[in-house]
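Novice: This one is final17.txt, compact mmCIF, C-alpha atoms.
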# COMPACT_ATOMS: atom_id res chain seq x y z
CA MET A 98 -43.11 -66.54 -103.14
CA LYS A 99 -39.40 -66.19 -102.42
CA LYS A 100 -40.09 -63.26 -100.12
CA SER A 101 -42.57 -65.27 -98.06
CA ILE A 102 -40.08 -68.14 -97.68
CA TRP A 103 -37.52 -65.67 -96.28
CA VAL A 104 -40.12 -64.24 -93.88
CA TRP A 105 -41.00 -67.74 -92.68
CA ALA A 106 -37.33 -68.63 -92.31
CA VAL A 107 -36.78 -65.57 -90.11
CA VAL A 108 -39.86 -66.41 -88.03
CA VAL A 109 -38.74 -70.04 -87.53
CA CYS A 110 -35.24 -68.88 -86.54
CA TRP A 111 -36.71 -66.41 -84.07
CA MET A 112 -38.93 -69.12 -82.60
CA LEU A 113 -35.98 -71.46 -82.21
CA CYS A 114 -34.09 -68.69 -80.43
CA VAL A 115 -36.80 -68.10 -77.86
CA MET A 116 -37.51 -71.78 -77.17
CA PRO A 117 -36.61 -72.54 -73.56
CA ALA A 118 -33.82 -75.04 -72.97
CA LYS A 119 -35.10 -78.10 -71.15
CA ALA A 120 -31.78 -79.51 -70.08
CA ASP A 121 -28.89 -78.11 -68.08
CA ALA A 122 -25.83 -77.44 -70.17
CA ILE A 123 -22.37 -78.47 -69.03
CA TRP A 124 -19.68 -75.93 -69.82
CA GLU A 125 -16.91 -77.72 -71.69
CA PRO A 126 -13.27 -76.65 -71.50
CA SER A 127 -11.77 -75.07 -74.61
CA ASP A 128 -8.73 -77.31 -74.67
CA ASN A 129 -7.28 -79.27 -77.58
CA PHE A 130 -6.51 -82.38 -75.54
CA TYR A 131 -10.00 -82.35 -74.00
CA HIS A 132 -11.64 -82.05 -77.43
CA ASP A 133 -9.57 -84.94 -78.78
CA HIS A 134 -10.37 -87.15 -75.75
CA TYR A 135 -13.76 -85.87 -74.54
CA GLU A 136 -15.21 -89.38 -74.73
CA ASP A 137 -12.64 -90.59 -72.22
CA CYS A 138 -13.16 -87.68 -69.83
CA ARG A 139 -15.38 -87.85 -66.77
CA TYR A 140 -17.33 -84.83 -65.47
CA ILE A 141 -16.60 -84.27 -61.77
CA ASN A 142 -17.32 -80.55 -61.18
CA ARG A 143 -15.56 -80.19 -57.80
CA ASN A 144 -13.12 -77.89 -56.03
CA PHE A 145 -9.71 -79.11 -54.95
CA THR A 146 -6.73 -77.89 -52.99
CA ALA A 147 -3.19 -78.37 -54.30
CA ASN A 148 -1.38 -80.96 -52.20
CA GLY A 149 1.68 -82.14 -54.12
CA PRO A 150 5.15 -83.39 -53.25
CA ASP A 151 7.80 -80.75 -52.39
CA GLY A 152 4.97 -78.33 -51.58
CA GLU A 153 3.86 -77.77 -55.16
CA VAL A 154 1.67 -79.04 -57.97
CA ILE A 155 2.79 -78.62 -61.58
CA VAL A 156 0.19 -77.81 -64.23
CA TYR A 157 1.06 -79.36 -67.60
CA LYS A 158 -0.05 -78.55 -71.14
CA SER A 159 -1.76 -81.95 -71.40
CA PRO A 160 -1.50 -85.48 -69.94
CA GLU A 161 0.73 -86.25 -72.94
CA ASN A 162 2.71 -83.01 -73.11
CA PRO A 163 5.08 -82.22 -70.23
CA MET A 164 5.33 -78.52 -71.11
CA VAL A 165 4.79 -76.67 -67.80
CA VAL A 166 1.95 -74.15 -67.89
CA THR A 167 2.25 -72.96 -64.29
CA THR A 168 3.08 -74.19 -60.80
CA TRP A 169 0.81 -74.00 -57.75
CA GLU A 170 1.99 -73.87 -54.19
CA ASN A 171 0.22 -76.34 -51.92
CA GLY A 172 -3.03 -74.84 -50.65
CA PHE A 173 -3.96 -73.27 -53.99
CA ASN A 174 -7.68 -73.71 -54.64
CA ALA A 175 -8.70 -74.93 -58.09
CA TYR A 176 -11.93 -75.92 -59.78
CA ILE A 177 -11.61 -79.14 -61.79
CA SER A 178 -14.39 -79.83 -64.27
CA PHE A 179 -13.29 -83.01 -66.06
CA VAL A 180 -10.91 -85.87 -65.31
CA TYR A 181 -9.01 -88.04 -67.80
CA THR A 182 -7.40 -91.38 -66.92
CA ASP A 183 -4.21 -92.25 -68.80
CA GLU A 184 -2.90 -95.70 -69.77
CA ASP A 185 -0.99 -96.02 -66.48
CA GLY A 186 -4.18 -95.36 -64.52
CA ASN A 187 -3.13 -91.85 -63.46
CA GLU A 188 -6.03 -89.41 -63.26
CA TRP A 189 -5.55 -85.94 -64.74
CA GLY A 190 -7.87 -83.01 -64.04
CA ILE A 191 -8.33 -80.05 -66.34
CA TYR A 192 -8.05 -76.56 -64.88
CA GLU A 193 -9.14 -73.47 -66.77
CA ASP A 194 -8.99 -69.84 -65.69
CA TYR A 195 -11.00 -67.76 -68.11
CA GLU A 196 -9.70 -64.43 -66.78
CA THR A 197 -6.00 -65.17 -67.26
CA ASN A 198 -6.51 -67.72 -70.07
CA VAL A 199 -4.39 -70.22 -68.12
CA LYS A 200 -5.39 -73.82 -68.76
CA GLY A 201 -3.70 -77.10 -68.15
CA TRP A 202 -3.81 -80.56 -66.62
CA VAL A 203 -2.82 -81.63 -63.11
CA PRO A 204 -2.29 -85.10 -61.61
CA MET A 205 -5.32 -85.67 -59.39
CA ALA A 206 -3.14 -87.68 -56.99
CA TYR A 207 -1.73 -84.30 -55.93
CA MET A 208 -5.11 -82.65 -55.44
CA LYS A 209 -7.17 -82.87 -52.26
CA VAL A 210 -10.91 -82.48 -52.62
CA VAL A 211 -12.54 -79.55 -50.82
CA TYR A 212 -15.27 -80.86 -48.53
CA ASP A 213 -18.57 -80.48 -50.38
CA GLY A 214 -22.01 -82.03 -50.77
CA ILE A 215 -20.58 -85.22 -52.26
CA SER A 216 -18.11 -85.56 -49.37
CA PHE A 217 -20.98 -85.02 -46.94
CA THR A 218 -23.02 -87.78 -48.59
CA GLU A 219 -20.01 -90.10 -48.45
CA GLU A 220 -19.52 -89.35 -44.75
CA TYR A 221 -23.11 -89.27 -43.51
CA GLY A 222 -25.04 -91.07 -46.26
CA GLU A 223 -25.84 -94.00 -43.99
CA SER A 224 -27.77 -91.77 -41.61
CA PHE A 225 -29.94 -90.20 -44.33
CA VAL A 226 -33.65 -91.03 -44.10
CA GLU A 227 -35.43 -91.62 -47.40
CA ASP A 228 -38.42 -89.43 -46.59
CA SER A 229 -39.80 -87.68 -49.64
CA ALA A 230 -42.25 -84.86 -48.96
CA VAL A 231 -43.14 -81.27 -49.86
CA PHE A 232 -41.56 -78.46 -47.84
CA PRO A 233 -43.93 -77.18 -45.11
CA ALA A 234 -46.54 -74.71 -46.33
CA GLU A 235 -45.40 -72.15 -43.71
CA TYR A 236 -42.42 -71.33 -45.97
CA ALA A 237 -44.57 -70.43 -49.01
CA GLY A 238 -43.49 -67.01 -50.31
CA GLN A 239 -40.61 -66.83 -47.81
CA THR A 240 -36.90 -66.47 -48.51
CA VAL A 241 -35.09 -69.60 -47.40
CA TYR A 242 -31.39 -70.57 -47.35
CA CYS A 243 -30.02 -73.38 -49.50
CA PHE A 244 -26.80 -74.84 -48.08
CA THR A 245 -24.14 -77.00 -49.78
CA TYR A 246 -24.56 -79.45 -46.88
CA PRO A 247 -25.83 -79.24 -43.30
CA GLY A 248 -23.15 -77.35 -41.40
CA SER A 249 -21.69 -75.63 -44.44
CA GLU A 250 -21.30 -71.85 -44.47
CA SER A 251 -21.74 -71.85 -48.24
CA CYS A 252 -25.35 -70.98 -49.08
CA PHE A 253 -27.59 -68.79 -51.18
CA GLU A 254 -31.07 -67.40 -50.79
CA MET A 255 -34.07 -68.85 -52.60
CA ARG A 256 -37.58 -67.45 -52.66
CA MET A 257 -40.15 -70.18 -52.11
CA PRO A 258 -43.21 -70.18 -54.43
CA GLU A 259 -46.25 -68.26 -53.22
CA VAL A 260 -48.55 -71.16 -54.02
CA GLU A 261 -48.34 -74.22 -51.78
CA GLU A 262 -48.82 -76.61 -54.71
CA ASP A 263 -45.65 -75.29 -56.33
CA MET A 264 -43.48 -75.86 -53.26
CA PRO A 265 -40.38 -78.02 -53.83
CA TRP A 266 -40.02 -81.61 -52.71
CA TYR A 267 -37.17 -82.94 -50.64
CA ALA A 268 -35.97 -86.43 -51.42
CA ARG A 269 -34.38 -87.31 -48.08
CA THR A 270 -33.75 -85.87 -44.64
CA PHE A 271 -30.83 -85.64 -42.27
CA THR A 272 -30.94 -84.79 -38.60
CA ASP A 273 -27.77 -83.05 -37.48
CA GLU A 274 -25.94 -83.08 -34.15
CA GLN A 275 -28.12 -80.22 -32.86
CA GLY A 276 -31.39 -81.91 -33.77
CA LEU A 277 -32.06 -79.71 -36.80
CA VAL A 278 -33.85 -81.58 -39.59
CA TRP A 279 -32.58 -80.92 -43.12
CA GLY A 280 -34.26 -81.70 -46.43
CA TYR A 281 -32.28 -82.46 -49.60
CA ILE A 282 -33.34 -80.80 -52.86
CA GLY A 283 -32.10 -82.78 -55.86
CA TYR A 284 -33.37 -80.24 -58.38
CA PHE A 285 -35.81 -77.37 -58.22
CA ARG A 286 -35.95 -74.41 -60.63
CA GLY A 287 -32.20 -74.35 -61.28
CA VAL A 288 -31.27 -75.20 -57.68
CA ARG A 289 -29.32 -78.45 -57.64
CA ASP A 290 -27.98 -80.65 -54.83
CA ARG A 291 -28.77 -78.36 -51.93
CA TRP A 292 -29.90 -78.78 -48.32
CA VAL A 293 -32.58 -76.64 -46.64
CA CYS A 294 -33.14 -76.74 -42.89
CA ILE A 295 -36.77 -77.87 -42.55
CA THR A 296 -36.77 -76.97 -38.86
CA ASN A 297 -35.93 -73.32 -39.61
CA ALA A 298 -35.52 -72.69 -43.33
CA THR A 299 -35.40 -68.88 -43.02
CA ALA A 300 -32.49 -68.90 -40.57
CA THR A 301 -28.98 -67.92 -41.61
CA PHE A 302 -25.89 -70.01 -40.83
CA GLU A 303 -25.13 -67.90 -37.74
CA GLU A 304 -28.71 -68.24 -36.50
CA LEU A 305 -28.65 -72.00 -36.99
CA TYR A 306 -25.26 -72.49 -35.38
CA PRO A 307 -24.58 -69.61 -32.96
CA ALA A 308 -21.94 -71.68 -31.19
CA GLY A 309 -20.33 -72.85 -34.45
CA ALA A 310 -21.18 -75.60 -36.90
CA PRO A 311 -20.42 -79.28 -36.36
CA VAL A 312 -17.02 -80.27 -37.72
CA ARG A 313 -17.18 -82.28 -40.93
CA GLY A 314 -14.62 -84.21 -42.90
CA GLU A 315 -11.88 -84.25 -40.33
CA GLU A 316 -10.05 -87.52 -40.02
CA PRO A 317 -9.73 -88.75 -36.43
CA GLU A 318 -6.33 -87.98 -34.96
CA GLU A 319 -4.20 -91.03 -34.45
CA ALA A 320 -2.03 -91.40 -31.41
CA PRO A 321 1.61 -90.79 -32.32
CA ALA A 322 3.30 -94.15 -32.59
CA GLN A 323 6.97 -94.95 -32.56
CA LYS A 324 8.54 -95.27 -35.97
CA THR A 325 9.38 -98.80 -36.96
CA GLU A 326 12.01 -99.86 -39.47
CA ASP A 327 9.25 -100.58 -42.01
CA ASP A 328 7.89 -97.02 -41.63
CA SER A 329 11.32 -95.56 -42.31
CA LYS A 330 11.70 -97.74 -45.40
CA ASP A 331 8.26 -96.61 -46.66
CA GLU A 332 9.23 -92.98 -46.16
CA GLU A 333 12.46 -93.48 -48.10
CA GLN A 334 10.51 -95.17 -50.89
CA ASN A 335 8.05 -92.25 -51.03
CA GLU A 336 10.92 -89.77 -51.26
CA ASP A 337 12.44 -91.77 -54.11
CA GLU A 338 9.09 -92.01 -55.87
CA GLU A 339 9.08 -90.03 -59.07
CA ARG A 340 6.64 -87.19 -59.53
CA ILE A 341 3.73 -88.05 -61.81
CA GLU A 342 4.24 -86.22 -65.09
CA PRO A 343 3.05 -86.66 -68.68
CA GLU A 344 4.91 -89.39 -70.51
CA ARG A 345 6.80 -88.46 -73.63
CA ASP A 346 5.94 -90.60 -76.65
CA LYS A 347 9.51 -91.06 -77.90
CA GLY A 348 8.39 -92.91 -81.04
CA LEU A 349 6.11 -90.06 -82.03
CA ILE A 350 8.74 -87.44 -81.22
CA GLY A 351 11.22 -89.30 -83.44
CA LEU A 352 8.68 -89.52 -86.25
CA VAL A 353 7.89 -85.79 -86.01
CA ILE A 354 11.61 -84.91 -86.13
CA VAL A 355 12.11 -87.13 -89.20
CA LEU A 356 9.08 -85.64 -90.96
CA VAL A 357 10.07 -82.03 -90.25
CA VAL A 358 13.65 -82.67 -91.37
CA ALA A 359 12.31 -84.33 -94.55
CA VAL A 360 9.93 -81.43 -95.30
CA THR A 361 12.62 -78.83 -94.59
CA GLY A 362 15.16 -80.69 -96.70
CA ALA A 363 12.79 -81.22 -99.62
CA THR A 364 11.69 -77.58 -99.57
CA GLY A 365 15.31 -76.46 -99.33
CA GLY A 366 15.93 -78.58 -102.43
CA ALA A 367 12.99 -76.91 -104.16
CA LEU A 368 14.44 -73.49 -103.30
CA ALA A 369 17.83 -74.50 -104.72
CA TRP A 370 16.08 -75.70 -107.89
CA LEU A 371 14.17 -72.40 -108.11
CA LYS A 372 17.41 -70.47 -107.85
CA LYS A 373 19.20 -72.66 -110.40
CA SER A 374 16.30 -72.65 -112.86
CA LYS A 375 16.46 -68.84 -112.89
CA LYS A 376 20.12 -68.84 -113.76
CA MET B 41 -1.20 -86.54 -79.42
CA GLY B 42 -0.80 -87.15 -83.14
CA VAL B 43 -3.94 -85.13 -83.90
CA TYR B 44 -2.73 -82.32 -81.64
CA LEU B 45 0.65 -82.20 -83.40
CA LEU B 46 -0.95 -82.23 -86.82
CA LYS B 47 -3.17 -79.32 -85.76
CA MET B 48 -0.26 -77.45 -84.19
CA PHE B 49 2.02 -77.71 -87.25
CA SER B 50 -0.68 -77.14 -89.86
CA ILE B 51 -2.40 -74.17 -88.14
CA SER B 52 0.94 -72.52 -87.47
CA LEU B 53 2.16 -72.96 -91.07
CA LEU B 54 -1.13 -72.01 -92.76
CA LEU B 55 -1.59 -68.92 -90.60
CA THR B 56 2.00 -67.82 -91.23
CA LEU B 57 1.64 -68.38 -94.99
CA LEU B 58 -1.62 -66.43 -95.06
CA ILE B 59 -0.25 -63.48 -93.11
CA GLU B 60 3.09 -63.33 -94.92
CA CYS B 61 1.55 -63.68 -98.40
CA ILE B 62 -0.89 -60.84 -97.63
CA PHE B 63 2.04 -58.81 -96.30
CA ALA B 64 4.02 -59.61 -99.46
CA PHE B 65 1.14 -58.22 -101.53
CA VAL B 66 1.06 -55.07 -99.40
CA TRP B 67 4.88 -54.86 -99.80
CA GLY B 68 4.32 -54.55 -103.52
CA ILE B 69 5.10 -58.10 -104.60
CA ARG B 70 2.98 -59.14 -107.58
CA ARG B 71 4.89 -61.89 -109.35
CA LYS B 72 3.81 -65.51 -108.87
CA LYS B 73 7.44 -66.59 -108.56
CA ALA B 74 7.96 -64.29 -105.61
CA PHE B 75 4.86 -65.67 -103.87
CA LEU B 76 6.20 -69.18 -104.50
CA LEU B 77 9.49 -68.06 -102.93
CA VAL B 78 7.71 -66.67 -99.83
CA THR B 79 5.75 -69.93 -99.52
CA LEU B 80 8.82 -72.17 -99.86
CA VAL B 81 10.87 -70.07 -97.45
CA ASN B 82 8.16 -70.36 -94.82
CA ILE B 83 7.83 -74.11 -95.36
CA VAL B 84 11.57 -74.34 -94.71
CA THR B 85 11.59 -72.27 -91.53
CA ASN B 86 8.15 -72.59 -89.88
CA PRO B 87 7.92 -76.35 -89.15
CA ALA B 88 11.55 -76.34 -87.98
CA ALA B 89 10.89 -73.38 -85.65
CA VAL B 90 7.68 -74.93 -84.28
CA LEU B 91 9.48 -78.25 -83.76
CA THR B 92 12.38 -76.59 -81.91
CA TYR B 93 10.04 -74.71 -79.59
CA TRP B 94 7.89 -77.80 -79.00
CA LEU B 95 10.94 -79.95 -78.20
CA TYR B 96 12.21 -77.26 -75.84
CA GLY B 97 8.88 -77.34 -74.00
CA MET B 98 8.86 -81.14 -73.98
CA TYR B 99 12.31 -81.53 -72.46
CA CYS B 100 13.02 -78.28 -70.64
CA GLY B 101 9.57 -77.72 -69.14
CA LYS B 102 8.39 -74.14 -69.11
CA ALA B 103 7.53 -72.35 -72.33
CA LEU B 104 9.61 -69.18 -72.16
CA PRO B 105 8.86 -66.18 -74.39
CA ALA B 106 12.62 -65.48 -74.51
CA VAL B 107 13.22 -68.89 -76.13
CA GLN B 108 10.43 -68.23 -78.61
CA MET B 109 11.99 -64.84 -79.40
CA GLY B 110 15.42 -66.43 -79.86
CA ILE B 111 14.02 -68.98 -82.33
CA GLU B 112 12.18 -66.20 -84.15
CA ILE B 113 15.42 -64.19 -84.51
CA VAL B 114 17.14 -67.21 -86.08
CA VAL B 115 14.17 -67.61 -88.45
CA VAL B 116 14.38 -63.95 -89.47
CA ILE B 117 18.14 -64.26 -90.16
CA VAL B 118 17.68 -67.41 -92.27
CA GLU B 119 14.78 -65.91 -94.23
CA ALA B 120 16.61 -62.62 -94.74
CA LEU B 121 19.62 -64.46 -96.15
CA ILE B 122 17.46 -66.51 -98.54
CA TYR B 123 15.43 -63.50 -99.68
CA ARG B 124 18.62 -61.48 -100.19
CA SER B 125 20.11 -64.18 -102.37
CA PHE B 126 16.96 -64.21 -104.51
CA ALA B 127 16.53 -60.44 -104.57
CA LYS B 128 19.60 -60.21 -106.79
CA GLU B 129 17.48 -61.71 -109.55
CA GLU B 130 15.26 -58.95 -110.86
CA SER B 131 12.66 -61.42 -112.10
CA PHE B 132 11.48 -61.94 -108.49
CA GLY B 133 10.81 -58.24 -107.96
CA LEU B 134 11.75 -58.48 -104.29
CA LYS B 135 12.94 -55.18 -102.87
CA ARG B 136 14.56 -54.62 -99.46
CA PRO B 137 14.64 -58.36 -98.66
CA VAL B 138 16.03 -57.99 -95.13
CA TRP B 139 13.35 -55.52 -94.07
CA PHE B 140 10.74 -57.70 -95.72
CA ALA B 141 11.89 -60.70 -93.64
CA VAL B 142 11.96 -58.68 -90.41
CA LEU B 143 8.55 -57.05 -90.85
CA ALA B 144 6.75 -60.10 -92.29
CA ASN B 145 7.93 -62.30 -89.42
CA GLY B 146 7.29 -59.62 -86.81
CA LEU B 147 3.74 -59.22 -88.08
CA SER B 148 2.94 -62.94 -88.22
CA TRP B 149 4.54 -63.57 -84.81
CA GLY B 150 2.61 -60.64 -83.30
CA ILE B 151 -0.73 -61.74 -84.73
CA VAL B 152 -0.28 -65.36 -83.59
CA PHE B 153 0.96 -64.18 -80.15
CA PHE B 154 -2.10 -61.97 -79.54
CA CYS B 155 -4.47 -64.61 -80.94
CA LYS B 156 -3.04 -67.11 -78.43
CA LYS B 157 -3.18 -64.61 -75.59
CA GLY B 158 -6.78 -63.85 -76.44
CA GLY B 159 -7.62 -67.54 -76.47
CA LEU B 160 -8.40 -67.59 -80.19
CA LEU B 161 -5.79 -70.26 -80.88
So, in terms of structure tokens, how does the structure I just supplied come out?
Specialist:
Amino acid sequence: MKKSIWVWAVVVCWMLCVMPAKADAIWEPSDNFYHDHYEDCRYINRNFTANGPDGEVIVYKSPENPMVVTTWENGFNAYISFVYTDEDGNEWGIYEDYETNVKGWVPMAYMKVVYDGISFTEEYGESFVEDSAVFPAEYAGQTVYCFTYPGSESCFEMRMPEVEEDMPWYARTFTDEQGLVWGYIGYFRGVRDRWVCITNATATFEELYPAGAPVRGEEPEEAPAQKTEDDSKDEEQNEDEERIEPERDKGLIGLVIVLVVAVTGATGGALAWLKKSKK
Amino acid sequence: MGVYLLKMFSISLLLTLLIECIFAFVWGIRRKKAFLLVTLVNIVTNPAAVLTYWLYGMYCGKALPAVQMGIEIVVVIVEALIYRSFAKEESFGLKRPVWFAVLANGLSWGIVFFCKKGGLL
């Protein structure tokens, strides 16, 4: 009887192991502060470029611990998975490098987002056409390119299903500056938030844009204006502005010092008693 | 922050006690009194050392291995002095107290250092 229970237990465990996962998992950072505050953290999953004052961004141990983990020169590229907002309203992003085991928190005010699919939607969202349909049957069984956004060089190949009925749907379309029509794939067999050129889905970036892609995300250049007195005052204020850094909880620090001194003192007393009791 | 500090102090102390008590056994210590001595000595030095290093990081910024090493040397000196004063009493059965302090601390510091480097702590 006992033997059969064990056999069944092994079988059930094996079945649980081979059950396919239905949902996408989000990789969580292995950081103490994150684990203590995960309910207050927001998943953003975006790449940023360091853009701090004095040409650098300081990475801290946590939004409450000003111990410096490392310093990035402006231009350093970092992936930020989660963001935490402190009591002063400052946003802090967690950075984790699994190869070097460097992890820490950076003020998001000093990080500039790398143009991506979200930026594209923010910039061109108004010109999207809500036109849900299946990708043309001519691409069945073909290798197509999935781009981060229309005009992005970042892409990967995807093999379309052989059967027409299994072809992915696109939720909306966008017609770019060259008249190419793009379809947005929200989710299809692990592919998430990608754009496929409906006009020519099998074409590479170079084939689609032989003369170069349209420029995205660049702010229009403003004509240089003469500095006014107010501008100079603003600049002085910015220079005087203190760098965002984790705030020290002085009350807690004081309490910790008192507790450690008390424990050390009491244990020292116990040691003295141990020595005396021997004599 | 409070939870983090509690974790930091307790993990550091418990790990040090575990490693140093095992080392004490390997060193040939068998008497309960001597194990009590090792425990008390570490309760005296470990939280103080962790606090010093934490305060250094809090107010001076970067966590420097040289600072950590300096604190560890002070800890070894203090522990060696305490062990030496107790080693005079035969009832503790503590031989070569200075070497015991040096090796026990070196071992626990090394294990914790590599655990942290490997992302285990």
Novice: Which residues of chain B are close to chain A, meaning at most 7 Å apart when you count all atoms listed in the file, and how do they look as an NGL selection string?
Specialist: :B and (41 or 44 or 80 or 83-84 or 87-88 or 97-98 or 101-103 or 159)
Novice: Residues near stretch 75-78 of chain B, anyone? I mean within 9 Å using all atoms listed in the file, not counting same-chain ones fewer than 2 positions away, as a PyMOL selection string.
Specialist: (chain A and resi 368+371) or (chain B and resi 57+60-61+64-65+69-73+80-83+123+126+132)
Novice: Closest to B:Leu58 among B:Ala144, B:Ala127, B:Phe154, B:Val115, using only C-alpha atoms?
Specialist: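 Using only C-alpha atoms, the shortest distance to B:Leu58 belongs to B:Ala144.
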Novice: If I take atom CA of A:Phe232 and atom CA of A:Arg269, how far is one from the other in Å, to one decimal?
Specialist: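 Result for atom CA of A:Phe232 versus atom CA of A:Arg269: 11.4 Å, one decimal.
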Novice: Taking only C-alpha atoms into account, which of A:Val226, A:Ala147, A:Ala369, A:Val260 comes nearest A:Met205?
Specialist: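 Of the candidates, the smallest distance to A:Met205 is held by A:Ala147.
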Novice: From the set A:Glu223, A:Glu125, A:Asp183, A:Asp151, which residue has the shortest atom-to-atom contact distance to A:Thr272, counting only C-alpha atoms?
Specialist: A:Glu223
Novice: Between atom CA of B:Thr92 and atom CA of A:Asp194, what is the distance, to one decimal in Å?
Specialist: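 Separating atom CA of B:Thr92 from atom CA of A:Asp194 is a distance of 27.7 Å.
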Novice: What are the centre and the three edge lengths of an axis-aligned box that wraps all atoms of stretch 84-96 of chain B in the file, given that 6 Å is added to every side, written as lines of an AutoDock Vina configuration file and rounded to one decimal in Å?
Specialist:
center_x = 10.0
center_y = -76.1
center_z = -85.3
size_x = 16.7
size_y = 19.7
size_z = 30.9
Novice: Taking into account only C-alpha atoms, which residue in the set A:Phe253, A:Thr270, A:Gly351, A:Ala206 is nearest to A:Gly283?
Specialist: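 For A:Gly283, the nearest of the candidates is A:Thr270.
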Novice: Interatomic distance between atom CA of B:Ser125 and atom CA of A:Ser374?
Specialist: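 The value is 14.0 Å.
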Novice: Would you mind telling me which residue in B:Gly150, B:Ile62, B:Tyr93, B:Thr79 lies nearest to B:Ala106 when using only C-alpha atoms?
Specialist: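 Result for the nearest residue to B:Ala106: B:Tyr93.
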Novice: Can you list, as an MDAnalysis selection string, every protein, DNA or RNA residue that comes within 10 Å of B:Ile151 when you count all atoms listed in the file, leaving out same-chain residues fewer than 5 positions away?
Specialist: chainID B and resid 55:56 59 145:146 156:157
